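Undergrad: Shown below is the structure under consideration.
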Amino acid sequence: MQMSEKVSPILVSGFRDTDPADMIAKQRLIDEIMAVYRSFGFEPLDTAVVQLQTVLFEEFEYTDMDFFQVENSRKFSHSEAPRMALRFDLTVPLARYVAANIATLPRPFKRAQIGKVYRGEKAQAGRYCEFLQADIDSLFTGSVYSDAEIVAVMFTLFKKLGIDKFKIVINNRMICNLFPQYAGFNPDDLTAVLRVLDKIRKVSREETVKGLSHKQDEESKNPVRFLSNSSIRKLMYLIEKQGSNEDLLIYLKVKYQRAGLDTTGIVELEKMYEYCRMMGVDDKNLQVDFAMVRGLAYYTGPIFETYLTELPEFGSVFSGGRYDNLVSKFTEANVPATGASVGVDRLFEALKQLSYLKPLGSVVDVMIMVLDRSYMPEYLLMAKEIRDNGYNVMIYDGVDMSFKTQLMRAVTNDIHFVVIVGKDEMDKQVVTVKDLKTRKQSVLSRNEFTTYHFLNIITGT
């Protein structure tokens with residue numbers, strides 16, 4: 001009989017597995033994120049991973065990303081199966097959910113969600129095709145206070161994680177939308193200009209200027225003239241202006257007023273900045289930046305991004321903005337909204353690289369060694385007693401039952417305690433407890449083990 005060929009255990013490029021040690025640390029990070037979200041009154045929600053393509057992409061073509069289509073192997077009776085895709089973020093599915101449940105949702109609706117999203121990006125450090133996001137959003141509120149609160153959440157989270165070297169960059173898309181009138185170029189070119197500016201932190205100044213001066217002709221594919229030198233100089237001078245946050249806001253307001261332009265976006269940004277300071281956001285971690293535009297087209301007002309100043313190459317790790325028109329794609333109701341998202345995987349990789357994450361060890365507090373399988377009923381009873389007392393316990397059930405192998409299993413996986421019950425212990429009705437951290441060993445009566453004394457050993461009280 002010919003053996004079947006083995007399948008190679010390779011993983012698709014852009015995807016990855018997470019080992020237990022990293023998963024334990026990542027879960028701790030997730031718990032910290034969600035705790036901060038809850039402290040600001042955001043409540044949990046979950047939406048489907050698979051969405052209709054019309055839900056995800058129609059009317060919002062500027063996404064600058066590839067996406068994963070979903071095919072169903074089930075045969076459909078009608079001529080055309082629904083076109084589906086994996087969600088590329090959590091915001092658009094949220095907008096669909098709100099529209100579908102608009103009659104019953106509380107107002108304002110403050111939602112927190114953590115889930116995986118999918119993009120066809122080139123795999124690199126901190127960037128994958130499948131990654132975890134943790135979002136917060138406030139809906140049915142048009143107040144700039146809600147935007148400032150999102151920034152306060154950003155600030156609070158990084159402080160709670162023990163990070164001090166970070167920048168929360170803020171701007172307003174209403175300011176960006178008036179770049180054509182201010183710099184003197186065709187408003188039809190604004191989307192292309194914003195695409196260039198969206199990459200300004202990733203490329204040199206020369207590349208930015210080149211991107212503004214020439215673009216690819218759609219028919220010939222050759223470079224053609226884009227913005228005039230005058231428009232480029234005016235735009236670059238504006239976005240490169242240096243100064244304090246207050247000075248930059250005053251400067252831009254004067255410039256727009258002199259040009260006869262609407263200053264609503266600037267006034268909003270001023271108010272948001274003021275609220276941020278009232279909520280304790282440190283000015284050293286806050287930066288007004290008129291070059292920060294956010295890539296997605298659905299943003300309509302304040303926008304924000306967060307960078308780790310020690311690892312700027314990782315890009316934004318917590319970003320978002322106001323999207324007052326997104327829900328209107330699905331309903332006639334007016335639903336102003338604002339929100340932001342943490343790239344959990346990217347932030348996790350950055351924190352590991354910066355050594356902010358401390359080794360957490362195993363989730364197992366106690367391992368019961370199996371020295372004789374005939375004692376398994378006793379081992380099972382002890383495990384239940386330990387578990388009932390609030391501790392995580394595992395019974396060793398490996399093939400190699402040598403004492404050395406079992407002890408190394410506990411040491412290697414950073415388990416705090418081992419419980420030893422062999423023939424001697426069974427004969428004497430005692431339990432040996434070994435603390436692998438302090439290397440101390442205690443012998444307890446079977447009755448002592450089940451109650452108070454074992455807890456004392458665990459807690460050190």
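Letters A, B, ... go to the chains of the structure tokens in the order shown; residues in each chain start at 1; ligands are counted from 1 in the same order.
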Once DSSP has gone over the backbone, tell me which residues of segment 25-256 of chain A are in alpha helix (DSSP H), as an MDAnalysis selection string.

TA: chainID A and resid 25:39 53:57 91:100 144:160 173:176 179:183 190:198 205:213 229:239 245:256

Undergrad: Show which residues sit within 10 Å of Leu52 of chain A, as number ranges by chain. Count only C-alpha atoms, and ignore same-chain residues fewer than 4 positions away.

TA: A: 56-57, 69-70, 82-87, 93

Undergrad: Excluding segment 33-45 of chain A and any residue of its chain fewer than 3 positions from it, enumerate the residues within 9 Å of it, using only C-alpha atoms, and give them as a list in words.

TA: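 These residues fall inside the cut-off: Arg28, Leu29, Ile30, Leu94, Phe109, Lys110, Arg111, Ala112, Gln113, Ile114, Ala134, Asp135, Ile136, Asp137, Ser138, Glu149, Val153, Thr156, Leu157, Lys160, Leu161 and Val342 of chain A.
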
Undergrad: Those same residues - N, CA and C atoms - I'd like them written as a PDB file, in the first residue's frame.

TA:
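To be explicit, this is the file written out as out20.pdb:
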ATOM      1  N   ARG A  28      -2.504  40.101  27.263  1.00  0.00           N
ATOM      2  CA  ARG A  28      -2.364  41.114  28.310  1.00  0.00           C
ATOM      3  C   ARG A  28      -2.493  42.514  27.703  1.00  0.00           C
ATOM      4  N   LEU A  29      -1.877  42.736  26.536  1.00  0.00           N
ATOM      5  CA  LEU A  29      -1.998  44.017  25.851  1.00  0.00           C
ATOM      6  C   LEU A  29      -3.447  44.295  25.474  1.00  0.00           C
ATOM      7  N   ILE A  30      -4.146  43.278  24.944  1.00  0.00           N
ATOM      8  CA  ILE A  30      -5.550  43.430  24.582  1.00  0.00           C
ATOM      9  C   ILE A  30      -6.386  43.795  25.803  1.00  0.00           C
ATOM     10  N   LEU A  94     -19.263  48.529  10.899  1.00  0.00           N
ATOM     11  CA  LEU A  94     -19.978  49.215  11.979  1.00  0.00           C
ATOM     12  C   LEU A  94     -21.057  50.126  11.404  1.00  0.00           C
ATOM     13  N   PHE A 109     -24.133  56.369  20.803  1.00  0.00           N
ATOM     14  CA  PHE A 109     -23.769  54.963  20.825  1.00  0.00           C
ATOM     15  C   PHE A 109     -22.249  54.872  20.872  1.00  0.00           C
ATOM     16  N   LYS A 110     -21.717  54.435  22.013  1.00  0.00           N
ATOM     17  CA  LYS A 110     -20.264  54.335  22.195  1.00  0.00           C
ATOM     18  C   LYS A 110     -19.878  52.865  22.137  1.00  0.00           C
ATOM     19  N   ARG A 111     -19.152  52.510  21.088  1.00  0.00           N
ATOM     20  CA  ARG A 111     -18.875  51.107  20.817  1.00  0.00           C
ATOM     21  C   ARG A 111     -17.378  50.821  20.833  1.00  0.00           C
ATOM     22  N   ALA A 112     -17.014  49.666  21.388  1.00  0.00           N
ATOM     23  CA  ALA A 112     -15.644  49.151  21.339  1.00  0.00           C
ATOM     24  C   ALA A 112     -15.686  47.792  20.657  1.00  0.00           C
ATOM     25  N   GLN A 113     -14.711  47.531  19.809  1.00  0.00           N
ATOM     26  CA  GLN A 113     -14.670  46.242  19.121  1.00  0.00           C
ATOM     27  C   GLN A 113     -13.238  45.837  18.865  1.00  0.00           C
ATOM     28  N   ILE A 114     -12.968  44.553  19.043  1.00  0.00           N
ATOM     29  CA  ILE A 114     -11.662  43.999  18.677  1.00  0.00           C
ATOM     30  C   ILE A 114     -11.900  42.849  17.719  1.00  0.00           C
ATOM     31  N   ALA A 134      -8.298  47.056  17.335  1.00  0.00           N
ATOM     32  CA  ALA A 134      -9.153  47.341  18.490  1.00  0.00           C
ATOM     33  C   ALA A 134      -9.691  48.752  18.316  1.00  0.00           C
ATOM     34  N   ASP A 135     -10.977  48.865  18.045  1.00  0.00           N
ATOM     35  CA  ASP A 135     -11.599  50.139  17.671  1.00  0.00           C
ATOM     36  C   ASP A 135     -12.482  50.707  18.779  1.00  0.00           C
ATOM     37  N   ILE A 136     -12.580  52.027  18.780  1.00  0.00           N
ATOM     38  CA  ILE A 136     -13.623  52.729  19.537  1.00  0.00           C
ATOM     39  C   ILE A 136     -14.293  53.725  18.606  1.00  0.00           C
ATOM     40  N   ASP A 137     -15.589  53.901  18.796  1.00  0.00           N
ATOM     41  CA  ASP A 137     -16.346  54.853  17.986  1.00  0.00           C
ATOM     42  C   ASP A 137     -17.481  55.445  18.809  1.00  0.00           C
ATOM     43  N   SER A 138     -17.724  56.740  18.594  1.00  0.00           N
ATOM     44  CA  SER A 138     -18.887  57.423  19.172  1.00  0.00           C
ATOM     45  C   SER A 138     -19.781  57.859  18.024  1.00  0.00           C
ATOM     46  N   GLU A 149     -12.211  63.344  23.013  1.00  0.00           N
ATOM     47  CA  GLU A 149     -12.227  62.192  23.908  1.00  0.00           C
ATOM     48  C   GLU A 149     -11.466  61.025  23.292  1.00  0.00           C
ATOM     49  N   VAL A 153      -8.353  59.065  24.960  1.00  0.00           N
ATOM     50  CA  VAL A 153      -8.218  57.608  25.075  1.00  0.00           C
ATOM     51  C   VAL A 153      -6.840  57.179  24.586  1.00  0.00           C
ATOM     52  N   THR A 156      -4.282  58.176  27.209  1.00  0.00           N
ATOM     53  CA  THR A 156      -4.416  57.358  28.422  1.00  0.00           C
ATOM     54  C   THR A 156      -3.858  55.959  28.210  1.00  0.00           C
ATOM     55  N   LEU A 157      -4.116  55.369  27.045  1.00  0.00           N
ATOM     56  CA  LEU A 157      -3.645  54.014  26.775  1.00  0.00           C
ATOM     57  C   LEU A 157      -2.123  53.954  26.786  1.00  0.00           C
ATOM     58  N   LYS A 160      -0.752  54.276  30.207  1.00  0.00           N
ATOM     59  CA  LYS A 160      -0.996  53.078  31.004  1.00  0.00           C
ATOM     60  C   LYS A 160      -0.030  51.967  30.613  1.00  0.00           C
ATOM     61  N   LEU A 161       0.389  51.940  29.361  1.00  0.00           N
ATOM     62  CA  LEU A 161       1.347  50.939  28.901  1.00  0.00           C
ATOM     63  C   LEU A 161       2.776  51.287  29.300  1.00  0.00           C
ATOM     64  N   VAL A 342      -6.670  50.909  17.083  1.00  0.00           N
ATOM     65  CA  VAL A 342      -5.315  50.467  17.410  1.00  0.00           C
ATOM     66  C   VAL A 342      -4.959  49.278  16.522  1.00  0.00           C
TER      67      VAL A 342
END

Undergrad: Please identify all polymer residues within 10 Å of Arg16 of chain A, counting only C-alpha atoms, omitting same-chain residues fewer than 6 positions from it, and present them as a list in words.

TA: Tyr128, Cys129, Glu130 and Phe131 of chain A

Undergrad: Based on DSSP run over this structure's backbone, return all residues of segment 356-415 of chain A in strand (DSSP E or B), as a ChimeraX atom specification.

TA: /A:366-368,393-395

Undergrad: Considering only C-alpha atoms, can you say which of A:Gly390, A:Ser402, A:Phe140, A:Arg205 comes closest to Arg107 of chain A?

TA: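 Residue with the minimum atom-to-atom distance to Arg107 of chain A: A:Phe140.
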
Undergrad: Can you list, as a PyMOL selection string, every protein, DNA or RNA residue that comes within 10 Å of Thr438 of chain A when you count only C-alpha atoms, leaving out same-chain residues fewer than 4 positions away?

TA: chain A and resi 416-417+434

Undergrad: Interatomic distance between atom CA of Lys241 of chain A and atom CA of Arg201 of chain A?

TA: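 So the two atoms, atom CA of Lys241 of chain A and atom CA of Arg201 of chain A, lie 15.2 Å apart.
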
Undergrad: Which value, in Å to one decimal, gives the distance between atom CA of Ala291 of chain A and atom CA of Lys253 of chain A?

TA: 15.6 Å

Undergrad: Skip segment 393-397 of chain A itself and residues of its chain fewer than 3 positions away, then list as a list in words all residues within 9 Å of it, counting only C-alpha atoms.

TA: Val363, Val364, Asp365, Val366, Met367, Ile368, Met369, Val370, Tyr379, Leu380, Ala383, Lys384, Ile386, Arg387, Asp400, Met401, Gln406 and Arg409 of chain A

Undergrad: Keeping N, CA and C atoms, export the residues of the selection given above as a CSV table (one decimal), in the first residue's frame.

TA:
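Dumped to part_35.csv:
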chain,number,residue,atom,x,y,z
A,363,VAL,N,0.5,30.7,31.7
A,363,VAL,CA,-0.8,30.9,32.4
A,363,VAL,C,-1.1,29.9,33.5
A,364,VAL,N,-0.3,28.9,33.5
A,364,VAL,CA,-0.4,27.8,34.5
A,364,VAL,C,0.3,28.2,35.8
A,365,ASP,N,-0.4,28.2,36.9
A,365,ASP,CA,0.2,28.4,38.2
A,365,ASP,C,0.9,27.2,38.8
A,366,VAL,N,0.2,26.0,38.6
A,366,VAL,CA,0.6,24.8,39.2
A,366,VAL,C,0.6,23.6,38.2
A,367,MET,N,1.6,22.8,38.2
A,367,MET,CA,1.6,21.6,37.4
A,367,MET,C,1.7,20.4,38.4
A,368,ILE,N,0.8,19.5,38.3
A,368,ILE,CA,0.8,18.3,39.1
A,368,ILE,C,1.6,17.2,38.3
A,369,MET,N,2.7,16.7,38.9
A,369,MET,CA,3.5,15.7,38.2
A,369,MET,C,2.8,14.4,38.4
A,370,VAL,N,2.9,13.6,37.3
A,370,VAL,CA,2.3,12.2,37.3
A,370,VAL,C,3.4,11.2,37.5
A,379,TYR,N,-4.8,12.7,41.6
A,379,TYR,CA,-4.3,13.8,40.8
A,379,TYR,C,-5.5,14.7,40.3
A,380,LEU,N,-6.5,14.0,39.8
A,380,LEU,CA,-7.7,14.7,39.3
A,380,LEU,C,-8.4,15.5,40.4
A,383,ALA,N,-6.3,18.5,41.4
A,383,ALA,CA,-6.5,19.6,40.3
A,383,ALA,C,-7.8,20.3,40.5
A,384,LYS,N,-8.8,19.6,40.8
A,384,LYS,CA,-10.1,20.3,41.0
A,384,LYS,C,-10.1,21.2,42.2
A,386,ILE,N,-7.4,22.7,43.5
A,386,ILE,CA,-6.6,23.9,43.2
A,386,ILE,C,-7.4,24.8,42.3
A,387,ARG,N,-8.1,24.3,41.3
A,387,ARG,CA,-8.9,25.1,40.4
A,387,ARG,C,-10.0,25.8,41.1
A,400,ASP,N,6.8,10.6,28.2
A,400,ASP,CA,8.0,10.5,29.0
A,400,ASP,C,7.6,10.9,30.4
A,401,MET,N,7.5,9.9,31.4
A,401,MET,CA,7.1,10.2,32.7
A,401,MET,C,8.2,10.3,33.7
A,406,GLN,N,9.5,15.8,33.5
A,406,GLN,CA,8.4,16.5,34.0
A,406,GLN,C,8.8,17.9,34.6
A,409,ARG,N,9.7,20.3,32.0
A,409,ARG,CA,8.5,20.8,31.3
A,409,ARG,C,8.0,22.1,32.1
